[in-house]
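Trainee: Following this line is run_22.pdb, made up of PDB, C-alpha atoms:
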ATOM      1  CA  MET A 680      33.026 152.303 -74.287
ATOM      2  CA  LYS A 681      29.536 151.165 -75.200
ATOM      3  CA  LEU A 682      27.024 153.644 -76.535
ATOM      4  CA  LYS A 683      23.595 153.362 -75.001
ATOM      5  CA  MET A 684      20.967 152.967 -77.701
ATOM      6  CA  PRO A 685      17.735 154.914 -77.270
ATOM      7  CA  SER A 686      14.646 152.862 -76.508
ATOM      8  CA  LEU A 687      12.405 151.586 -79.299
ATOM      9  CA  PRO A 688       9.536 154.065 -78.645
ATOM     10  CA  VAL A 689      12.006 156.984 -78.705
ATOM     11  CA  MET A 690      13.446 155.751 -81.989
ATOM     12  CA  ALA A 691       9.985 155.284 -83.485
ATOM     13  CA  LEU A 692       8.994 158.803 -82.450
ATOM     14  CA  ALA A 693      12.210 160.309 -83.832
ATOM     15  CA  THR A 694      11.687 158.420 -87.104
ATOM     16  CA  THR A 695       8.146 159.747 -87.462
ATOM     17  CA  VAL A 696       9.175 163.340 -86.736
ATOM     18  CA  VAL A 697      12.148 163.331 -89.110
ATOM     19  CA  LEU A 698      10.261 161.578 -91.929
ATOM     20  CA  VAL A 699       7.290 163.942 -91.668
ATOM     21  CA  ALA A 700       9.728 166.890 -91.714
ATOM     22  CA  ALA A 701      11.511 165.400 -94.725
ATOM     23  CA  PHE A 702       8.307 164.910 -96.709
ATOM     24  CA  ALA A 703       7.178 168.437 -95.805
ATOM     25  CA  LEU A 704      10.489 169.762 -97.124
ATOM     26  CA  VAL A 705      10.129 167.657-100.277
ATOM     27  CA  PHE A 706       6.732 169.076-101.197
ATOM     28  CA  PHE A 707       6.787 172.593 -99.709
ATOM     29  CA  TYR A 708      10.432 173.693 -99.664
ATOM     30  CA  ALA A 709      12.576 171.978-102.278
ATOM     31  CA  PRO A 710      12.224 173.584-105.731
ATOM     32  CA  ASN A 711      11.124 171.602-108.758
ATOM     33  CA  ASP A 712      13.970 170.307-110.871
ATOM     34  CA  ALA A 713      14.587 172.451-113.968
ATOM     35  CA  ASP A 714      14.969 169.402-116.191
ATOM     36  CA  GLN A 715      12.557 166.795-114.800
ATOM     37  CA  GLY A 716      10.028 169.010-113.068
ATOM     38  CA  PHE A 717       7.773 167.599-110.331
ATOM     39  CA  ILE A 718       8.673 163.977-111.072
ATOM     40  CA  GLN A 719      12.113 164.563-109.534
ATOM     41  CA  LYS A 720      10.429 164.495-106.080
ATOM     42  CA  ILE A 721      10.776 160.706-106.241
ATOM     43  CA  PHE A 722      14.516 161.263-105.886
ATOM     44  CA  TYR A 723      14.093 162.171-102.184
ATOM     45  CA  LEU A 724      12.465 158.800-101.556
ATOM     46  CA  HIS A 725      14.244 156.490-103.973
ATOM     47  CA  VAL A 726      17.877 157.450-103.333
ATOM     48  CA  PRO A 727      17.757 157.400 -99.481
ATOM     49  CA  ILE A 728      16.039 153.980 -99.585
ATOM     50  CA  ALA A 729      18.682 152.600-101.932
ATOM     51  CA  ILE A 730      21.538 154.047 -99.833
ATOM     52  CA  CYS A 731      20.054 152.610 -96.615
ATOM     53  CA  ALA A 732      19.621 149.200 -98.243
ATOM     54  CA  LEU A 733      23.257 149.130 -99.360
ATOM     55  CA  ILE A 734      24.494 150.349 -95.958
ATOM     56  CA  GLY A 735      22.346 147.641 -94.366
ATOM     57  CA  PHE A 736      24.144 145.013 -96.447
ATOM     58  CA  ILE A 737      27.505 146.429 -95.359
ATOM     59  CA  ALA A 738      26.369 146.457 -91.706
ATOM     60  CA  ALA A 739      25.411 142.796 -92.087
ATOM     61  CA  ALA A 740      28.911 142.010 -93.390
ATOM     62  CA  ILE A 741      30.475 143.805 -90.399
ATOM     63  CA  HIS A 742      28.280 141.865 -87.964
ATOM     64  CA  SER A 743      29.228 138.662 -89.754
ATOM     65  CA  ILE A 744      32.934 139.412 -89.396
ATOM     66  CA  ARG A 745      32.348 139.932 -85.674
ATOM     67  CA  HIS A 746      30.426 136.660 -85.532
ATOM     68  CA  LEU A 747      33.230 134.702 -87.145
ATOM     69  CA  ARG A 748      35.811 136.348 -84.902
ATOM     70  CA  THR A 749      33.982 135.952 -81.595
ATOM     71  CA  GLY A 750      31.610 133.068 -82.249
ATOM     72  CA  GLU A 751      28.833 134.971 -80.460
ATOM     73  CA  SER A 752      25.475 134.203 -82.020
ATOM     74  CA  ILE A 753      24.126 137.701 -81.344
ATOM     75  CA  HIS A 754      26.274 139.048 -84.193
ATOM     76  CA  ASP A 755      24.903 136.448 -86.596
ATOM     77  CA  PHE A 756      21.429 137.398 -85.411
ATOM     78  CA  ARG A 757      22.085 141.102 -86.096
ATOM     79  CA  SER A 758      23.542 140.278 -89.491
ATOM     80  CA  TYR A 759      20.430 138.270 -90.368
ATOM     81  CA  VAL A 760      18.081 141.071 -89.309
ATOM     82  CA  SER A 761      20.129 143.724 -91.158
ATOM     83  CA  ILE A 762      19.900 141.723 -94.375
ATOM     84  CA  HIS A 763      16.196 141.144 -93.778
ATOM     85  CA  VAL A 764      15.381 144.850 -93.474
ATOM     86  CA  ALA A 765      17.849 145.795 -96.247
ATOM     87  CA  ILE A 766      16.049 143.403 -98.614
ATOM     88  CA  ILE A 767      12.770 145.179 -97.840
ATOM     89  CA  PHE A 768      14.398 148.546 -98.501
ATOM     90  CA  GLY A 769      15.964 147.133-101.664
ATOM     91  CA  THR A 770      12.533 146.059-102.863
ATOM     92  CA  GLY A 771      11.298 149.588-102.193
ATOM     93  CA  ALA A 772      14.243 151.076-104.102
ATOM     94  CA  LEU A 773      13.599 148.847-107.117
ATOM     95  CA  ILE A 774       9.871 149.620-107.226
ATOM     96  CA  THR A 775      10.221 153.387-106.721
ATOM     97  CA  GLY A 776      13.101 153.420-109.209
ATOM     98  CA  ALA A 777      10.975 151.662-111.813
ATOM     99  CA  ILE A 778       8.168 154.187-111.294
ATOM    100  CA  TRP A 779      10.627 157.066-111.648
ATOM    101  CA  ALA A 780      12.170 155.471-114.751
ATOM    102  CA  LYS A 781       8.776 155.087-116.390
ATOM    103  CA  ALA A 782       7.915 158.712-115.732
ATOM    104  CA  ALA A 783      11.308 160.157-116.673
ATOM    105  CA  TRP A 784      12.550 157.847-119.421
ATOM    106  CA  GLY A 785       9.346 156.240-120.631
ATOM    107  CA  LYS A 786      10.522 152.730-119.670
ATOM    108  CA  TRP A 787      10.128 150.701-116.472
ATOM    109  CA  TRP A 788      13.636 149.301-116.754
ATOM    110  CA  VAL A 789      16.738 150.112-118.798
ATOM    111  CA  TRP A 790      19.137 147.186-119.101
ATOM    112  CA  GLU A 791      21.927 149.368-120.496
ATOM    113  CA  GLU A 792      22.008 151.419-117.311
ATOM    114  CA  PRO A 793      24.806 150.194-114.976
ATOM    115  CA  THR A 794      23.289 151.756-111.846
ATOM    116  CA  LEU A 795      20.095 149.752-112.166
ATOM    117  CA  VAL A 796      21.669 146.489-113.230
ATOM    118  CA  SER A 797      24.385 146.522-110.567
ATOM    119  CA  PHE A 798      21.800 147.225-107.854
ATOM    120  CA  LEU A 799      19.625 144.397-109.174
ATOM    121  CA  ILE A 800      22.600 142.027-109.093
ATOM    122  CA  VAL A 801      23.337 142.904-105.455
ATOM    123  CA  TYR A 802      19.640 142.544-104.582
ATOM    124  CA  LEU A 803      19.336 139.141-106.248
ATOM    125  CA  LEU A 804      22.552 138.021-104.602
ATOM    126  CA  TYR A 805      21.081 138.779-101.181
ATOM    127  CA  ALA A 806      17.792 137.168-102.162
ATOM    128  CA  THR A 807      19.665 133.856-102.164
ATOM    129  CA  TYR A 808      20.653 134.383 -98.507
ATOM    130  CA  TYR A 809      17.483 132.783 -97.133
ATOM    131  CA  PRO A 810      17.530 129.579 -99.227
ATOM    132  CA  LEU A 811      21.210 129.162 -98.390
ATOM    133  CA  ARG A 812      20.680 129.735 -94.687
ATOM    134  CA  TYR A 813      17.666 127.486 -94.271
ATOM    135  CA  SER A 814      19.065 124.676 -96.390
ATOM    136  CA  ILE A 815      21.470 123.942 -93.523
ATOM    137  CA  GLU A 816      19.957 122.233 -90.493
ATOM    138  CA  ASP A 817      22.830 122.388 -88.031
ATOM    139  CA  ARG A 818      22.508 125.771 -86.258
ATOM    140  CA  ASP A 819      26.240 126.427 -85.872
ATOM    141  CA  ARG A 820      27.058 125.547 -89.432
ATOM    142  CA  GLN A 821      24.092 127.569 -90.616
ATOM    143  CA  ALA A 822      25.356 130.639 -88.762
ATOM    144  CA  ARG A 823      28.938 130.201 -90.012
ATOM    145  CA  TYR A 824      27.957 129.688 -93.644
ATOM    146  CA  ALA A 825      25.525 132.608 -93.504
ATOM    147  CA  SER A 826      28.289 134.810 -92.088
ATOM    148  CA  VAL A 827      30.699 133.820 -94.850
ATOM    149  CA  PHE A 828      27.999 134.562 -97.403
ATOM    150  CA  ALA A 829      27.205 137.961 -95.851
ATOM    151  CA  ILE A 830      30.884 138.963 -95.895
ATOM    152  CA  THR A 831      31.398 137.833 -99.493
ATOM    153  CA  ALA A 832      28.220 139.483-100.701
ATOM    154  CA  GLY A 833      29.051 142.592 -98.660
ATOM    155  CA  ALA A 834      32.177 143.028-100.764
ATOM    156  CA  PHE A 835      29.945 143.518-103.806
ATOM    157  CA  VAL A 836      28.341 146.619-102.338
ATOM    158  CA  PRO A 837      31.391 148.924-102.624
ATOM    159  CA  LEU A 838      31.923 147.419-106.067
ATOM    160  CA  ASN A 839      28.401 148.492-106.891
ATOM    161  CA  PHE A 840      29.207 152.078-105.885
ATOM    162  CA  MET A 841      32.463 152.028-107.833
ATOM    163  CA  ALA A 842      30.875 150.529-110.929
ATOM    164  CA  VAL A 843      28.245 153.226-110.882
ATOM    165  CA  ARG A 844      30.814 155.986-110.456
ATOM    166  CA  LEU A 845      33.187 154.671-113.098
ATOM    167  CA  ALA A 846      30.536 153.851-115.666
ATOM    168  CA  GLU A 847      29.841 156.275-118.442
ATOM    169  CA  SER A 848      26.140 156.318-117.869
ATOM    170  CA  LEU A 849      23.845 157.632-120.538
ATOM    171  CA  VAL A 850      20.672 158.263-118.651
ATOM    172  CA  HIS A 851      21.036 158.003-114.869
ATOM    173  CA  PRO A 852      21.603 161.458-113.360
ATOM    174  CA  ARG A 853      24.735 162.352-111.412
ATOM    175  CA  VAL A 854      23.852 164.810-108.687
ATOM    176  CA  PHE A 855      26.615 164.627-106.100
ATOM    177  CA  ALA A 856      29.975 166.373-106.495
ATOM    178  CA  THR A 857      29.849 166.689-110.236
ATOM    179  CA  ALA A 858      31.861 169.224-112.193
ATOM    180  CA  GLU A 859      28.612 170.981-113.026
ATOM    181  CA  GLY A 860      28.035 171.837-109.379
ATOM    182  CA  GLY A 861      25.583 169.178-108.182
ATOM    183  CA  MET A 862      22.385 170.004-106.297
ATOM    184  CA  PRO A 863      21.400 173.460-105.093
ATOM    185  CA  GLY A 864      21.343 174.052-101.320
ATOM    186  CA  GLU A 865      17.580 173.596-100.785
ATOM    187  CA  MET A 866      17.588 170.285-102.593
ATOM    188  CA  MET A 867      20.666 169.077-100.732
ATOM    189  CA  LEU A 868      19.174 170.007 -97.338
ATOM    190  CA  THR A 869      15.933 168.216 -98.208
ATOM    191  CA  PHE A 870      17.831 165.186 -99.396
ATOM    192  CA  LEU A 871      19.939 165.014 -96.225
ATOM    193  CA  VAL A 872      16.860 165.234 -93.983
ATOM    194  CA  ALA A 873      15.178 162.499 -96.054
ATOM    195  CA  LEU A 874      18.303 160.372 -95.769
ATOM    196  CA  ALA A 875      18.389 160.868 -91.993
ATOM    197  CA  GLY A 876      14.708 159.896 -91.767
ATOM    198  CA  MET A 877      15.218 156.783 -93.850
ATOM    199  CA  ALA A 878      18.285 155.788 -91.809
ATOM    200  CA  LEU A 879      16.253 156.197 -88.621
ATOM    201  CA  LEU A 880      13.445 154.109 -90.103
ATOM    202  CA  PHE A 881      15.934 151.397 -91.006
ATOM    203  CA  ALA A 882      17.469 151.394 -87.507
ATOM    204  CA  THR A 883      14.028 151.357 -85.866
ATOM    205  CA  LEU A 884      12.817 148.423 -87.967
ATOM    206  CA  VAL A 885      16.015 146.501 -87.208
ATOM    207  CA  ARG A 886      15.537 147.049 -83.484
ATOM    208  CA  PHE A 887      11.844 146.181 -83.724
ATOM    209  CA  GLU A 888      12.615 142.932 -85.513
ATOM    210  CA  ILE A 889      15.411 142.055 -83.077
ATOM    211  CA  ALA A 890      13.154 142.724 -80.069
ATOM    212  CA  ALA A 891      10.371 140.591 -81.569
ATOM    213  CA  LYS A 892      12.705 137.701 -82.369
ATOM    214  CA  GLN A 893      14.413 137.814 -78.971
ATOM    215  CA  THR A 894      11.036 137.734 -77.207
ATOM    216  CA  ARG A 895       9.994 134.776 -79.317
ATOM    217  CA  GLY A 896      13.237 132.992 -78.495
ATOM    218  CA  GLN A 897      12.689 133.570 -74.776
ATOM    219  CA  VAL A 898       9.173 132.169 -75.009
ATOM    220  CA  HIS A 899      10.502 129.067 -76.758
ATOM    221  CA  ARG A 900      13.139 128.600 -74.065
ATOM    222  CA  LEU A 901      10.477 128.966 -71.397
ATOM    223  CA  ARG A 902       8.343 126.335 -73.114
ATOM    224  CA  ARG A 903      11.277 123.964 -73.316
ATOM    225  CA  ALA A 904      12.067 124.487 -69.628
ATOM    226  CA  LEU A 905       8.450 123.877 -68.643
ATOM    227  CA  ASP A 906       8.217 120.743 -70.757
ATOM    228  CA  GLU A 907      11.435 119.376 -69.270
ATOM    229  CA  GLN A 908      10.150 119.963 -65.745
ATOM    230  CA  ALA A 909       6.880 118.179 -66.432
ATOM    231  CA  PRO A 910       6.298 115.299 -63.965
ATOM    232  CA  VAL A 911       3.819 113.723 -66.361
ATOM    233  CA  ALA A 912       2.986 114.263 -69.994
ATOM    234  CA  PRO A 913       1.617 117.804 -70.270
ATOM    235  CA  ARG A 914      -2.088 118.117 -70.833
ATOM    236  CA  SER A 915      -1.738 121.524 -72.406
ATOM    237  CA  ARG A 916      -2.589 122.165 -76.020
ATOM    238  CA  ILE A 917       1.003 123.325 -76.411
ATOM    239  CA  ALA A 918       2.840 120.810 -78.566
ATOM    240  CA  PRO A 919       5.136 118.948 -76.142
ATOM    241  CA  LEU A 920       8.791 118.478 -76.864
ATOM    242  CA  PRO A 921      10.233 114.933 -76.660
ATOM    243  CA  PRO A 922      10.650 114.057 -72.967
ATOM    244  CA  ALA A 923      14.167 114.552 -71.672
ATOM    245  CA  GLU A 924      15.501 111.377 -70.072
ATOM    246  CA  GLY A 925      16.677 111.544 -66.487
ATOM    247  CA  VAL A 926      14.808 114.747 -65.772
ATOM    248  CA  SER A 927      12.271 114.413 -63.016
TER     249      SER A 927
ATOM    250  CA  MET B 192      12.459 163.436-122.494
ATOM    251  CA  PRO B 193      10.700 166.712-121.646
ATOM    252  CA  ALA B 194       9.366 167.126-118.114
ATOM    253  CA  LEU B 195       5.899 165.664-117.582
ATOM    254  CA  PRO B 196       3.049 168.077-116.831
ATOM    255  CA  LEU B 197       2.174 168.324-113.142
ATOM    256  CA  ASP B 198      -1.107 166.382-113.369
ATOM    257  CA  GLU B 199       0.624 163.403-114.952
ATOM    258  CA  ALA B 200       3.828 163.599-112.885
ATOM    259  CA  GLY B 201       1.759 163.829-109.704
ATOM    260  CA  LYS B 202       0.355 160.344-110.299
ATOM    261  CA  TYR B 203       3.805 158.817-110.533
ATOM    262  CA  VAL B 204       5.098 160.689-107.485
ATOM    263  CA  ALA B 205       2.034 159.662-105.465
ATOM    264  CA  ALA B 206       2.414 156.060-106.629
ATOM    265  CA  ALA B 207       6.070 155.933-105.554
ATOM    266  CA  TYR B 208       5.377 157.342-102.085
ATOM    267  CA  LEU B 209       2.282 155.173-101.569
ATOM    268  CA  VAL B 210       4.098 152.016-102.643
ATOM    269  CA  PHE B 211       6.803 152.677-100.088
ATOM    270  CA  LEU B 212       4.245 153.427 -97.383
ATOM    271  CA  ALA B 213       2.370 150.215 -98.228
ATOM    272  CA  LEU B 214       5.592 148.192 -98.110
ATOM    273  CA  ILE B 215       6.447 149.471 -94.641
ATOM    274  CA  LEU B 216       2.884 149.030 -93.386
ATOM    275  CA  ILE B 217       2.730 145.429 -94.634
ATOM    276  CA  TYR B 218       6.033 144.680 -92.935
ATOM    277  CA  VAL B 219       4.892 146.235 -89.653
ATOM    278  CA  ALA B 220       1.573 144.345 -89.878
ATOM    279  CA  ILE B 221       3.428 141.033 -90.324
ATOM    280  CA  LEU B 222       5.619 141.857 -87.341
ATOM    281  CA  ALA B 223       2.565 142.802 -85.281
ATOM    282  CA  ALA B 224       0.894 139.476 -86.149
ATOM    283  CA  ARG B 225       4.011 137.610 -85.034
ATOM    284  CA  ILE B 226       4.113 139.543 -81.759
ATOM    285  CA  GLN B 227       0.441 138.734 -81.169
ATOM    286  CA  ARG B 228       1.188 135.042 -81.692
ATOM    287  CA  THR B 229       4.052 135.235 -79.209
ATOM    288  CA  ARG B 230       1.763 136.915 -76.696
ATOM    289  CA  ASP B 231      -0.826 134.154 -77.099
ATOM    290  CA  GLU B 232       1.845 131.528 -76.633
ATOM    291  CA  LEU B 233       3.135 133.286 -73.535
ATOM    292  CA  GLY B 234      -0.397 133.322 -72.133
ATOM    293  CA  GLU B 235      -0.635 129.560 -72.583
ATOM    294  CA  LEU B 236       2.705 129.041 -70.913
ATOM    295  CA  VAL B 237       1.612 131.077 -67.903
ATOM    296  CA  GLU B 238      -1.525 128.941 -67.748
ATOM    297  CA  LEU B 239       0.539 125.762 -67.989
ATOM    298  CA  ALA B 240       2.931 126.922 -65.269
ATOM    299  CA  GLU B 241       0.024 127.783 -62.963
ATOM    300  CA  ARG B 242      -1.570 124.389 -63.569
ATOM    301  CA  ARG B 243       1.721 122.654 -62.785
ATOM    302  CA  ARG B 244       2.083 124.611 -59.585
ATOM    303  CA  ALA B 245      -1.444 123.682 -58.548
ATOM    304  CA  GLU B 246      -0.749 119.997 -59.329
ATOM    305  CA  ALA B 247       2.493 120.113 -57.363
ATOM    306  CA  ARG B 248       0.545 121.358 -54.357
ATOM    307  CA  GLY B 249      -1.562 118.205 -54.575
ATOM    308  CA  GLY B 250      -4.837 119.691 -55.762
ATOM    309  CA  GLY B 251      -6.269 118.310 -58.975
ATOM    310  CA  ASP B 252      -8.920 121.011 -59.048
ATOM    311  CA  ALA B 253      -6.831 123.369 -61.219
ATOM    312  CA  GLU B 254      -6.866 120.974 -64.144
ATOM    313  CA  GLU B 255      -8.901 123.251 -66.382
ATOM    314  CA  PRO B 256      -8.747 126.847 -65.202
ATOM    315  CA  PRO B 257     -11.306 129.260 -66.619
ATOM    316  CA  GLU B 258      -8.607 131.127 -68.621
ATOM    317  CA  ALA B 259      -8.115 128.011 -70.750
ATOM    318  CA  GLN B 260     -11.542 128.573 -72.270
ATOM    319  CA  SER B 261     -10.648 132.058 -73.528
ATOM    320  CA  PRO B 262     -10.985 132.448 -77.293
ATOM    321  CA  GLY B 263      -7.450 133.828 -77.550
ATOM    322  CA  ALA B 264      -5.935 130.684 -76.083
ATOM    323  CA  ALA B 265      -7.987 128.440 -78.357
ATOM    324  CA  THR B 266      -6.952 130.408 -81.399
ATOM    325  CA  ALA B 267      -3.297 130.145 -80.477
ATOM    326  CA  GLY B 268      -3.617 126.415 -79.949
ATOM    327  CA  GLU B 269      -5.339 125.881 -83.259
ATOM    328  CA  ARG B 270      -2.696 127.897 -85.071
ATOM    329  CA  ARG B 271      -0.054 125.449 -84.008
TER     330      ARG B 271
END
How would this structure read if it were set down as structure tokens?
Mentor:
Amino acid sequence: MKLKMPSLPVMALATTVVLVAAFALVFFYAPNDADQGFIQKIFYLHVPIAICALIGFIAAAIHSIRHLRTGESIHDFRSYVSIHVAIIFGTGALITGAIWAKAAWGKWWVWEEPTLVSFLIVYLLYATYYPLRYSIEDRDRQARYASVFAITAGAFVPLNFMAVRLAESLVHPRVFATAEGGMPGEMMLTFLVALAGMALLFATLVRFEIAAKQTRGQVHRLRRALDEQAPVAPRSRIAPLPPAEGVS
Amino acid sequence: MPALPLDEAGKYVAAAYLVFLALILIYVAILAARIQRTRDELGELVELAERRRAEARGGGDAEEPPEAQSPGAATAGERR
């Protein structure tokens, strides 16, 4: 059974409503953290962005597996777009994390902190996706190699989570399911709404990008078809493709 | 480290939220520019198809339709 996805305007509207609600909860409902004070409000932005980025990388790996299994280019396309948006979210997570680190720890970056370093490694790994992909000219090979890369790199994401959980961190806070009790209810509710908003934003941007790229692809196909049908050399300012032999 | 006072912490919190907003807005603006380019290109293709149809009918009068002079079409052509 195939689930019917809501339309892009509906998703955009839902994203706006949930994100506005989340930010309202952050500033008017969630209490200030006893330890960090007001600066902890960055948590509701930074952590959902980072989680969505990592889930985006995993989604790309799943699409890539489907691409290699079926050979359908749509899965490679979805994998590409997922990585694209996840990289943007990853950039956001790194920047907001650095701002939070400066305010909370007095440093922009702490190299001894496994959470930060493992996320940076995953981010840099995915940053090499584009050079790898576009260094290959043949479209089929490009798609296959990119899929293999996305699957391999996707395996690093759970490792990232595990490394963070297993590491004896000195400074990065542990807030979920700790022996000390974790977050109070108001904070958890606010966090979950923020996470839902960020996930919706991610899904909306992925659909937006896919729709834009598919439209562009259709326009290119239309141009090719028109150029092939041309009885004489086209006089349009549109750059003509090489004439197809045997086509009248 | 002790918690920062509100006036100082507020700057960092605002910076984090504004950076994220700016990142998303820049991304959406880039996407919007690409969609605009696609729209311009589509407009030229429609113009080309109409010119072809007119030529196929045997009339050479549709060689340069008035739409071809529109600034949008010229911009799209120059971009390529």
Trainee: Report the residues retrieved by the PyMOL selection byres ((chain A and resi 702) around 10) from the displayed file, expressed as a list in words.
Mentor: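 Going through the file, the PyMOL selection byres ((chain A and resi 702) around 10) ends up selecting Val697, Leu698, Val699, Ala700, Ala701, Ala703, Leu704, Val705, Phe706, Phe707, Tyr708, Ala709, Lys720, Tyr723, Leu724, Thr869, Phe870, Val872, Ala873 and Gly876 of chain A; Tyr208 of chain B.
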Trainee: Kindly determine which residues of chain A lie within 7 Å of chain B, considering all atoms listed in the file, and give the answer as a PyMOL selection string.
Mentor: chain A and resi 714-718+720-721+771+775+778+782-784+891+895+898+902+915-917
Trainee: The selected residues should be written to file as an mmCIF file, keeping the file's coordinate frame (atoms: C-alpha atoms).
Mentor:
data_model
loop_
_atom_site.group_PDB
_atom_site.id
_atom_site.type_symbol
_atom_site.label_atom_id
_atom_site.label_comp_id
_atom_site.auth_asym_id
_atom_site.auth_seq_id
_atom_site.Cartn_x
_atom_site.Cartn_y
_atom_site.Cartn_z
ATOM 1 C CA ASP A 714 14.969 169.402 -116.191
ATOM 2 C CA GLN A 715 12.557 166.795 -114.800
ATOM 3 C CA GLY A 716 10.028 169.010 -113.068
ATOM 4 C CA PHE A 717 7.773 167.599 -110.331
ATOM 5 C CA ILE A 718 8.673 163.977 -111.072
ATOM 6 C CA LYS A 720 10.429 164.495 -106.080
ATOM 7 C CA ILE A 721 10.776 160.706 -106.241
ATOM 8 C CA GLY A 771 11.298 149.588 -102.193
ATOM 9 C CA THR A 775 10.221 153.387 -106.721
ATOM 10 C CA ILE A 778 8.168 154.187 -111.294
ATOM 11 C CA ALA A 782 7.915 158.712 -115.732
ATOM 12 C CA ALA A 783 11.308 160.157 -116.673
ATOM 13 C CA TRP A 784 12.550 157.847 -119.421
ATOM 14 C CA ALA A 891 10.371 140.591 -81.569
ATOM 15 C CA ARG A 895 9.994 134.776 -79.317
ATOM 16 C CA VAL A 898 9.173 132.169 -75.009
ATOM 17 C CA ARG A 902 8.343 126.335 -73.114
ATOM 18 C CA SER A 915 -1.738 121.524 -72.406
ATOM 19 C CA ARG A 916 -2.589 122.165 -76.020
ATOM 20 C CA ILE A 917 1.003 123.325 -76.411
#
Trainee: Using Å and a single decimal, report how far atom CA of Val801 of chain A sits from atom CA of Phe835 of chain A.
Mentor: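 Separation of atom CA of Phe835 of chain A and atom CA of Val801 of chain A: 6.8 Å.
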Trainee: Please provide the set of residues having any atom within 12 Å of Leu811 of chain A, restricted to only C-alpha atoms, with same-chain residues fewer than 5 positions apart removed, written as an MDAnalysis selection string.
Mentor: chainID A and resid 804:806 816 820:829
Trainee: One number please: atom CA of Thr770 of chain A to atom CA of Ala732 of chain A, in Å, one decimal.
Mentor: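 These atoms are spaced 9.0 Å apart.
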Trainee: Please, what distance in Å, to one decimal, runs between atom CA of Leu799 of chain A and atom CA of Leu773 of chain A?
Mentor: 7.8 Å
Trainee: Could you give me the axis-aligned bounding box of segment 692-698 of chain A, with 4 Å of padding per side, as centre plus edge lengths in Å to one decimal, as JSON?
Mentor:
{"center_x": 10.2, "center_y": 160.9, "center_z": -87.2, "size_x": 12.1, "size_y": 12.9, "size_z": 17.5}
Trainee: Between A:Val726, A:Ala832, A:Met867, A:Ala842, single out the one closest to Pro793 of chain A, counting all atoms listed in the file.
Mentor: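 Among A:Val726, A:Ala832, A:Met867, A:Ala842, it is A:Ala842 that comes nearest to Pro793 of chain A.
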Trainee: For this structure, which residues satisfy the selection - the PyMOL selection byres ((chain A and resi 790) around 12) - when it is evaluated on the file as given? I want them as a ChimeraX atom specification.
Mentor: /A:777,780,786-789,791-800,848-851
Trainee: Run the PyMOL selection byres ((chain A and resi 687) around 12) mentally over the shown coordinates, then write out the matched residues as a list in words, using the chain letters and numbers from the document.
Mentor: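 Given this file, the PyMOL selection byres ((chain A and resi 687) around 12) evaluates to Met684, Pro685, Ser686, Pro688, Val689, Met690, Ala691, Leu692, Ala693, Thr694, Leu879, Leu880, Ala882, Thr883, Leu884, Val885, Arg886, Phe887, Glu888, Ile889, Ala890 and Ala891 of chain A.
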Trainee: Store the residues picked out above in a file with C-alpha atoms, as a compact mmCIF listing (two decimals), in the coordinates of the input.
Mentor:
# COMPACT_ATOMS: atom_id res chain seq x y z
CA MET A 684 20.97 152.97 -77.70
CA PRO A 685 17.74 154.91 -77.27
CA SER A 686 14.65 152.86 -76.51
CA PRO A 688 9.54 154.06 -78.64
CA VAL A 689 12.01 156.98 -78.70
CA MET A 690 13.45 155.75 -81.99
CA ALA A 691 9.98 155.28 -83.48
CA LEU A 692 8.99 158.80 -82.45
CA ALA A 693 12.21 160.31 -83.83
CA THR A 694 11.69 158.42 -87.10
CA LEU A 879 16.25 156.20 -88.62
CA LEU A 880 13.44 154.11 -90.10
CA ALA A 882 17.47 151.39 -87.51
CA THR A 883 14.03 151.36 -85.87
CA LEU A 884 12.82 148.42 -87.97
CA VAL A 885 16.02 146.50 -87.21
CA ARG A 886 15.54 147.05 -83.48
CA PHE A 887 11.84 146.18 -83.72
CA GLU A 888 12.62 142.93 -85.51
CA ILE A 889 15.41 142.06 -83.08
CA ALA A 890 13.15 142.72 -80.07
CA ALA A 891 10.37 140.59 -81.57
